[in-house]
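Structure data (compact mmCIF, C-alpha atoms and all ligand atoms) from coords31.txt:
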```txt
# COMPACT_ATOMS: atom_id res chain seq x y z
CA MET S 1 110.81 76.00 188.39
CA SER S 2 111.10 77.17 184.79
CA ASP S 3 113.99 78.89 183.05
CA ALA S 4 112.54 78.23 179.58
CA LYS S 5 112.34 81.08 177.08
CA PRO S 6 108.92 82.69 177.37
CA VAL S 7 106.12 82.82 174.84
CA ILE S 8 104.62 86.31 174.81
CA LEU S 9 100.96 86.89 174.02
CA LYS S 10 99.73 90.40 173.22
CA ILE S 11 95.98 90.79 173.32
CA GLY S 12 95.06 93.93 171.42
CA GLY S 13 92.69 96.38 173.02
CA SER S 14 90.68 96.26 169.77
CA ALA S 15 89.93 92.58 170.40
CA ILE S 16 88.77 92.83 174.02
CA THR S 17 87.02 96.20 173.94
CA ASP S 18 84.81 98.11 171.57
CA LYS S 19 87.23 100.84 170.44
CA THR S 20 84.43 103.05 169.13
CA GLY S 21 82.87 103.27 172.61
CA GLU S 22 84.20 104.26 176.03
CA LEU S 23 84.94 101.75 178.79
CA ALA S 24 83.26 99.08 176.64
CA ALA S 25 84.67 95.63 177.43
CA LYS S 26 83.89 92.55 175.34
CA THR S 27 83.56 90.18 178.27
CA GLU S 28 82.54 87.15 176.17
CA ILE S 29 85.72 87.44 174.15
CA ILE S 30 87.82 87.96 177.30
CA ASN S 31 86.30 84.78 178.74
CA ARG S 32 86.87 82.75 175.61
CA LEU S 33 90.49 83.92 175.41
CA ALA S 34 91.02 82.86 179.03
CA GLU S 35 89.63 79.43 178.11
CA GLU S 36 92.03 79.18 175.13
CA ILE S 37 94.99 80.27 177.28
CA LYS S 38 94.11 77.61 179.86
CA ARG S 39 93.77 74.99 177.14
CA ALA S 40 97.21 75.88 175.70
CA ASP S 41 98.61 75.20 179.19
CA LEU S 42 101.99 76.95 178.78
CA ASP S 43 104.07 77.30 181.93
CA ASN S 44 106.29 80.04 180.49
CA LEU S 45 103.72 82.47 179.12
CA ILE S 46 103.74 86.25 179.60
CA ILE S 47 100.50 88.05 178.71
CA VAL S 48 100.32 91.74 177.78
CA HIS S 49 97.01 93.40 176.91
CA GLY S 50 96.17 96.72 175.35
CA GLY S 51 93.95 99.57 176.42
CA GLY S 52 91.26 99.83 173.75
CA SER S 53 88.31 101.94 174.84
CA PHE S 54 89.61 102.02 178.43
CA GLY S 55 93.11 103.57 178.20
CA HIS S 56 93.00 105.43 174.90
CA PRO S 57 90.06 107.87 175.32
CA THR S 58 91.18 108.89 178.84
CA ALA S 59 94.82 109.29 177.75
CA ALA S 60 93.71 111.35 174.72
CA LYS S 61 91.40 113.57 176.82
CA TYR S 62 94.26 114.67 179.11
CA GLY S 63 97.16 114.58 176.61
CA ILE S 64 98.99 111.94 178.69
CA LYS S 65 101.13 110.58 175.84
CA GLU S 66 102.58 114.03 175.07
CA GLY S 67 103.65 114.52 178.71
CA TYR S 68 103.04 116.85 181.64
CA LYS S 69 102.46 120.49 180.66
CA ASP S 70 102.21 122.01 184.15
CA ASP S 71 98.45 121.46 184.03
CA PRO S 72 97.20 120.01 187.35
CA THR S 73 94.13 118.45 185.67
CA GLN S 74 96.58 116.26 183.75
CA LYS S 75 97.76 114.71 187.00
CA LEU S 76 94.26 113.54 187.71
CA GLY S 77 94.10 112.40 184.07
CA PHE S 78 97.27 110.34 184.55
CA ALA S 79 95.81 108.74 187.66
CA GLU S 80 92.51 108.10 185.85
CA THR S 81 94.24 106.58 182.79
CA HIS S 82 96.18 104.18 185.01
CA HIS S 83 93.02 103.43 186.98
CA VAL S 84 90.83 102.58 183.97
CA MET S 85 93.60 100.26 182.78
CA THR S 86 93.47 98.47 186.12
CA VAL S 87 89.69 98.12 185.66
CA LEU S 88 90.14 96.43 182.25
CA ASN S 89 93.01 94.39 183.69
CA GLY S 90 90.69 93.31 186.51
CA LEU S 91 88.24 91.88 183.95
CA VAL S 92 91.07 89.99 182.22
CA MET S 93 92.35 88.71 185.59
CA ASP S 94 88.82 87.64 186.65
CA ALA S 95 88.49 85.54 183.49
CA LEU S 96 91.97 84.01 183.76
CA ILE S 97 91.59 83.03 187.39
CA TRP S 98 88.04 81.74 186.81
CA HIS S 99 89.59 79.46 184.17
CA GLU S 100 92.28 78.38 186.64
CA VAL S 101 95.25 80.11 185.01
CA PRO S 102 97.73 81.05 187.80
CA ALA S 103 97.92 84.62 186.53
CA ILE S 104 99.28 87.59 188.49
CA SER S 105 98.94 91.17 187.39
CA ILE S 106 102.01 93.46 187.19
CA ALA S 107 101.30 97.19 186.87
CA PRO S 108 103.87 98.65 184.43
CA SER S 109 103.49 102.08 186.09
CA SER S 110 105.04 100.55 189.24
CA CYS S 111 108.11 98.94 187.66
CA PHE S 112 108.88 100.74 184.36
CA LEU S 113 110.24 104.25 183.71
CA THR S 114 110.56 105.71 180.22
CA ASP S 115 112.75 108.45 178.77
CA ASN S 116 111.02 110.44 176.03
CA GLY S 117 108.59 107.55 175.55
CA LYS S 118 111.13 104.72 175.38
CA ILE S 119 111.67 102.23 178.21
CA LYS S 120 114.69 103.26 180.26
CA PHE S 121 114.31 101.27 183.47
CA PHE S 122 112.56 98.06 184.46
CA ASP S 123 112.71 96.44 187.87
CA GLU S 124 112.46 92.80 186.86
CA THR S 125 112.92 91.21 190.29
CA VAL S 126 109.31 90.24 190.86
CA LEU S 127 108.62 89.18 187.26
CA LYS S 128 111.67 86.87 187.30
CA GLN S 129 110.51 85.28 190.52
CA MET S 130 107.02 84.75 189.10
CA GLN S 131 108.52 83.07 186.04
CA LYS S 132 110.65 80.79 188.19
CA MET S 133 107.53 79.70 190.04
CA MET S 134 105.63 79.29 186.77
CA PHE S 135 103.04 81.93 187.43
CA THR S 136 101.66 83.73 184.37
CA PRO S 137 102.55 87.43 184.60
CA VAL S 138 99.98 89.77 183.04
CA LEU S 139 101.04 93.30 182.04
CA TYR S 140 99.20 95.98 180.08
CA GLY S 141 99.67 99.25 178.23
CA ASP S 142 99.77 101.87 180.98
CA ALA S 143 100.34 105.49 181.91
CA VAL S 144 103.94 105.61 183.22
CA LEU S 145 106.38 108.17 184.60
CA ASP S 146 108.91 109.53 182.10
CA ASP S 147 112.27 111.22 182.81
CA LYS S 148 111.92 113.85 180.11
CA LEU S 149 108.14 114.21 179.69
CA GLY S 150 107.05 113.82 183.33
CA PHE S 151 104.73 111.04 182.21
CA THR S 152 103.57 109.34 179.03
CA VAL S 153 101.75 106.26 177.68
CA LEU S 154 103.74 103.04 177.43
CA SER S 155 102.01 100.84 174.86
CA GLY S 156 101.51 97.13 175.32
CA ASP S 157 103.36 96.67 172.04
CA GLN S 158 106.49 98.41 173.34
CA LEU S 159 106.28 96.22 176.45
CA VAL S 160 106.01 93.08 174.30
CA ALA S 161 109.02 94.07 172.19
CA TYR S 162 111.10 94.95 175.25
CA LEU S 163 110.26 91.74 177.15
CA ALA S 164 110.74 89.58 174.03
CA ILE S 165 114.25 90.94 173.44
CA ARG S 166 115.25 90.98 177.12
CA TYR S 167 114.11 87.40 177.74
CA LYS S 168 114.87 86.03 174.24
CA ALA S 169 111.26 84.97 173.68
CA GLN S 170 110.54 81.72 171.84
CA LYS S 171 107.88 83.58 169.87
CA ILE S 172 105.24 86.27 170.05
CA VAL S 173 101.54 85.86 169.33
CA VAL S 174 99.59 89.05 168.69
CA GLY S 175 95.80 88.73 168.88
CA VAL S 176 93.90 91.46 167.04
CA ASP S 177 90.36 92.04 165.75
CA THR S 178 91.16 90.98 162.16
CA ASP S 179 92.64 87.74 160.81
CA GLY S 180 96.19 89.14 160.69
CA LEU S 181 97.60 92.02 158.64
CA PHE S 182 95.98 93.21 155.40
CA ASP S 183 96.97 95.60 152.59
CA ALA S 184 93.87 97.71 153.44
CA ASP S 185 91.38 97.83 156.31
CA PRO S 186 89.36 94.58 155.94
CA LYS S 187 86.54 96.05 158.02
CA THR S 188 85.84 98.78 155.48
CA ASN S 189 87.36 97.40 152.28
CA PRO S 190 86.04 94.05 151.02
CA ASN S 191 88.94 93.83 148.56
CA ALA S 192 91.59 94.00 151.31
CA LYS S 193 94.13 91.21 150.79
CA PRO S 194 95.66 89.36 153.74
CA TYR S 195 99.41 89.03 154.15
CA LYS S 196 99.91 85.36 155.00
CA HIS S 197 103.69 85.51 155.36
CA LEU S 198 106.04 88.47 155.71
CA THR S 199 109.81 88.62 155.83
CA LEU S 200 111.55 91.38 157.79
CA ALA S 201 112.24 93.30 154.57
CA GLU S 202 108.59 93.05 153.51
CA LEU S 203 107.41 94.08 156.97
CA LYS S 204 109.59 97.22 156.86
CA GLN S 205 108.15 98.05 153.46
CA ILE S 206 104.48 97.74 154.40
CA GLN S 207 104.73 99.12 157.98
CA PRO S 208 104.15 102.83 157.17
CA LYS S 209 101.08 101.93 155.08
CA LEU S 210 99.34 99.91 157.78
CA GLY S 211 97.32 102.87 158.92
CA LYS S 212 95.31 104.05 161.84
CA ALA S 213 92.97 102.22 164.16
CA THR S 214 89.22 102.58 164.45
CA GLY S 215 88.34 104.87 167.37
CA THR S 216 90.78 106.75 169.61
CA ASP S 217 94.33 105.38 169.62
CA VAL S 218 97.14 107.37 171.23
CA THR S 219 99.86 104.84 170.39
CA GLY S 220 99.75 104.97 166.59
CA GLY S 221 97.31 102.29 165.40
CA MET S 222 98.52 99.25 163.47
CA ALA S 223 101.47 101.13 161.94
CA GLY S 224 102.68 102.06 165.45
CA LYS S 225 102.28 98.49 166.68
CA ILE S 226 104.20 96.98 163.81
CA ALA S 227 106.97 99.57 164.13
CA GLU S 228 107.57 98.23 167.67
CA LEU S 229 107.84 94.68 166.33
CA ILE S 230 110.56 95.38 163.74
CA PRO S 231 113.51 95.16 166.24
CA VAL S 232 112.02 91.91 167.58
CA VAL S 233 111.88 90.29 164.14
CA GLU S 234 115.44 91.59 163.58
CA GLN S 235 116.49 89.43 166.56
CA GLY S 236 115.05 86.37 164.78
CA ILE S 237 111.95 86.08 166.99
CA HIS S 238 108.90 84.71 165.15
CA VAL S 239 105.70 86.76 165.32
CA THR S 240 102.20 85.48 164.52
CA VAL S 241 99.43 88.06 164.13
CA THR S 242 96.01 86.43 164.25
CA GLY S 243 92.36 87.08 165.12
CA ALA S 244 91.53 87.01 168.82
CA THR S 245 87.82 87.60 168.38
CA LYS S 246 86.97 84.23 166.85
CA GLY S 247 87.44 80.85 168.46
CA LEU S 248 90.69 78.92 168.76
CA SER S 249 93.19 81.03 166.78
CA ILE S 250 94.99 82.07 169.96
CA TYR S 251 95.02 78.52 171.33
CA ARG S 252 96.31 77.22 168.00
CA ALA S 253 99.00 79.91 167.66
CA LEU S 254 100.18 79.38 171.25
CA THR S 255 100.50 75.63 170.60
CA ASP S 256 102.39 76.01 167.28
CA GLN S 257 99.49 75.06 165.04
CA SER S 258 98.69 76.86 161.79
CA VAL S 259 96.24 79.76 161.98
CA LEU S 260 94.48 82.21 159.72
CA GLY S 261 96.71 85.25 160.05
CA THR S 262 100.16 86.62 159.26
CA GLU S 263 103.42 84.82 160.07
CA ILE S 264 106.36 87.22 160.32
CA GLU S 265 109.97 86.02 160.36
CA LYS S 266 113.43 87.34 159.58
C1 LIG P 301 97.52 101.58 175.41
O1 LIG P 301 98.10 100.33 175.20
C2 LIG P 301 97.42 101.88 176.89
C3 LIG P 301 96.87 103.22 177.19
C4 LIG P 301 96.31 104.03 176.33
C5 LIG P 301 96.95 103.66 178.58
P1 LIG P 301 98.13 99.72 173.71
O2 LIG P 301 98.57 100.78 172.73
O3 LIG P 301 98.94 98.48 173.77
O4 LIG P 301 96.59 99.37 173.49
P2 LIG P 301 95.79 98.83 172.22
O5 LIG P 301 96.12 97.41 172.03
O6 LIG P 301 96.21 99.70 171.03
O7 LIG P 301 94.36 99.07 172.58
```

Could I get this structure in the form of structure tokens?
Amino acid sequence: MSDAKPVILKIGGSAITDKTGELAAKTEIINRLAEEIKRADLDNLIIVHGGGSFGHPTAAKYGIKEGYKDDPTQKLGFAETHHVMTVLNGLVMDALIWHEVPAISIAPSSCFLTDNGKIKFFDETVLKQMQKMMFTPVLYGDAVLDDKLGFTVLSGDQLVAYLAIRYKAQKIVVGVDTDGLFDADPKTNPNAKPYKHLTLAELKQIQPKLGKATGTDVTGGMAGKIAELIPVVEQGIHVTVTGATKGLSIYRALTDQSVLGTEIEK
């Protein structure tokens, strides 16, 4: 049984899918990440992954984030958005179980409700029991029901922030498709400078400038992701943002070793 504070790993959709395509999973990266997670061997880990080219294009097509507008096709769109997320989640679960990680998937649409896009209700009973038995819960950005909007998109980043604060996480590791945060997009700008260390005040200053993602992103790109993390850093929880597409950064970050990336602390 474990009552230890959890470590939370967010795997960005940009790392495990090709965000410029549709339903394009990067299975080699998913497999390598599963291997790194197994090697880190944490018994109090919670994994949350993003949607990338699975959730975002479908959610954008049907306007799921903005809510239900009395359009019956949107209901099918909601169901489809949730479904494609379960397909991506299935690939992540396949890799984790193949690598002998005792991972169990939790569908956020079945245990979270939002109010105008913000988490309002979470039934934690099953997650708590999984943690006690040292399973590794795996959640993901999902289409969820919303009190005011009918439904919306709950990002993996909001889930990470909520779980980190609720369970007083030891730390958060965010795996993305770049080596941490930069002052410009390193994929298009060779002069982009990495931020190696950011304080809360510095994070607040750079957050609005972090910009959009490549491809369709209904949850606000890097600026949206970092906005979710600000309250977490305010609570004194350490955040490491590092590359998940190249070997060992996630393993190293999970096991408290130095990585190429951005360390964020209060
Ligand atoms: C998005 O989750 C989920 C859906 C669009 C249904 P995230 O916002 O966490 O996904 P990424 O990491 O940006 O791809």

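In this structure, atom CA of S:Phe135 sits 9.0 Å away from atom CA of S:Ile46.
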
Exercise answer, 7 Å around ligand LIG 301 (chain P) with only C-alpha atoms and all ligand atoms, as number ranges by chain: S: 11-14, 49-52, 55-56, 59, 81-82, 85, 140-143, 153-157, 217-219, 221

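If you measure from each of S:Met130, S:Leu149, S:Ala79, S:Ala34 to S:Val92 using all atoms listed in the file, the closest one turns out to be S:Ala34.
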
Nearby residues (only C-alpha atoms) at most 8 Å from stretch 225-232 of chain S, same-chain spacing under 5 positions excluded, as a ChimeraX atom specification: /S:157-158,161,164-165,200,203-204,207,219-220,237

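Here atom CA of S:Glu202 and atom CA of S:Met222 stand 15.5 Å from one another.
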
Shortest interatomic distance to S:Leu23 - which of S:Gln257, S:Thr240, S:Gln74, S:Thr86, counting all atoms listed in the file: S:Thr86

In the coordinates of the file, take the point (99.0, 73.7, 171.7) and a cut-off of 7 Å; then, counting all atoms listed in the file, name each qualifying protein, DNA or RNA residue as an mmCIF file with C-alpha atoms, keeping the file's coordinate frame.
```cif
data_model
loop_
_atom_site.group_PDB
_atom_site.id
_atom_site.type_symbol
_atom_site.label_atom_id
_atom_site.label_comp_id
_atom_site.auth_asym_id
_atom_site.auth_seq_id
_atom_site.Cartn_x
_atom_site.Cartn_y
_atom_site.Cartn_z
ATOM 1 C CA ALA S 40 97.210 75.880 175.700
ATOM 2 C CA TYR S 251 95.020 78.520 171.330
ATOM 3 C CA ARG S 252 96.310 77.220 168.000
ATOM 4 C CA LEU S 254 100.180 79.380 171.250
ATOM 5 C CA THR S 255 100.500 75.630 170.600
ATOM 6 C CA ASP S 256 102.390 76.010 167.280
ATOM 7 C CA GLN S 257 99.490 75.060 165.040
#
```

Gap from atom CA of S:Thr136 to atom CA of S:Lys168 - Å, one decimal: 16.8 Å
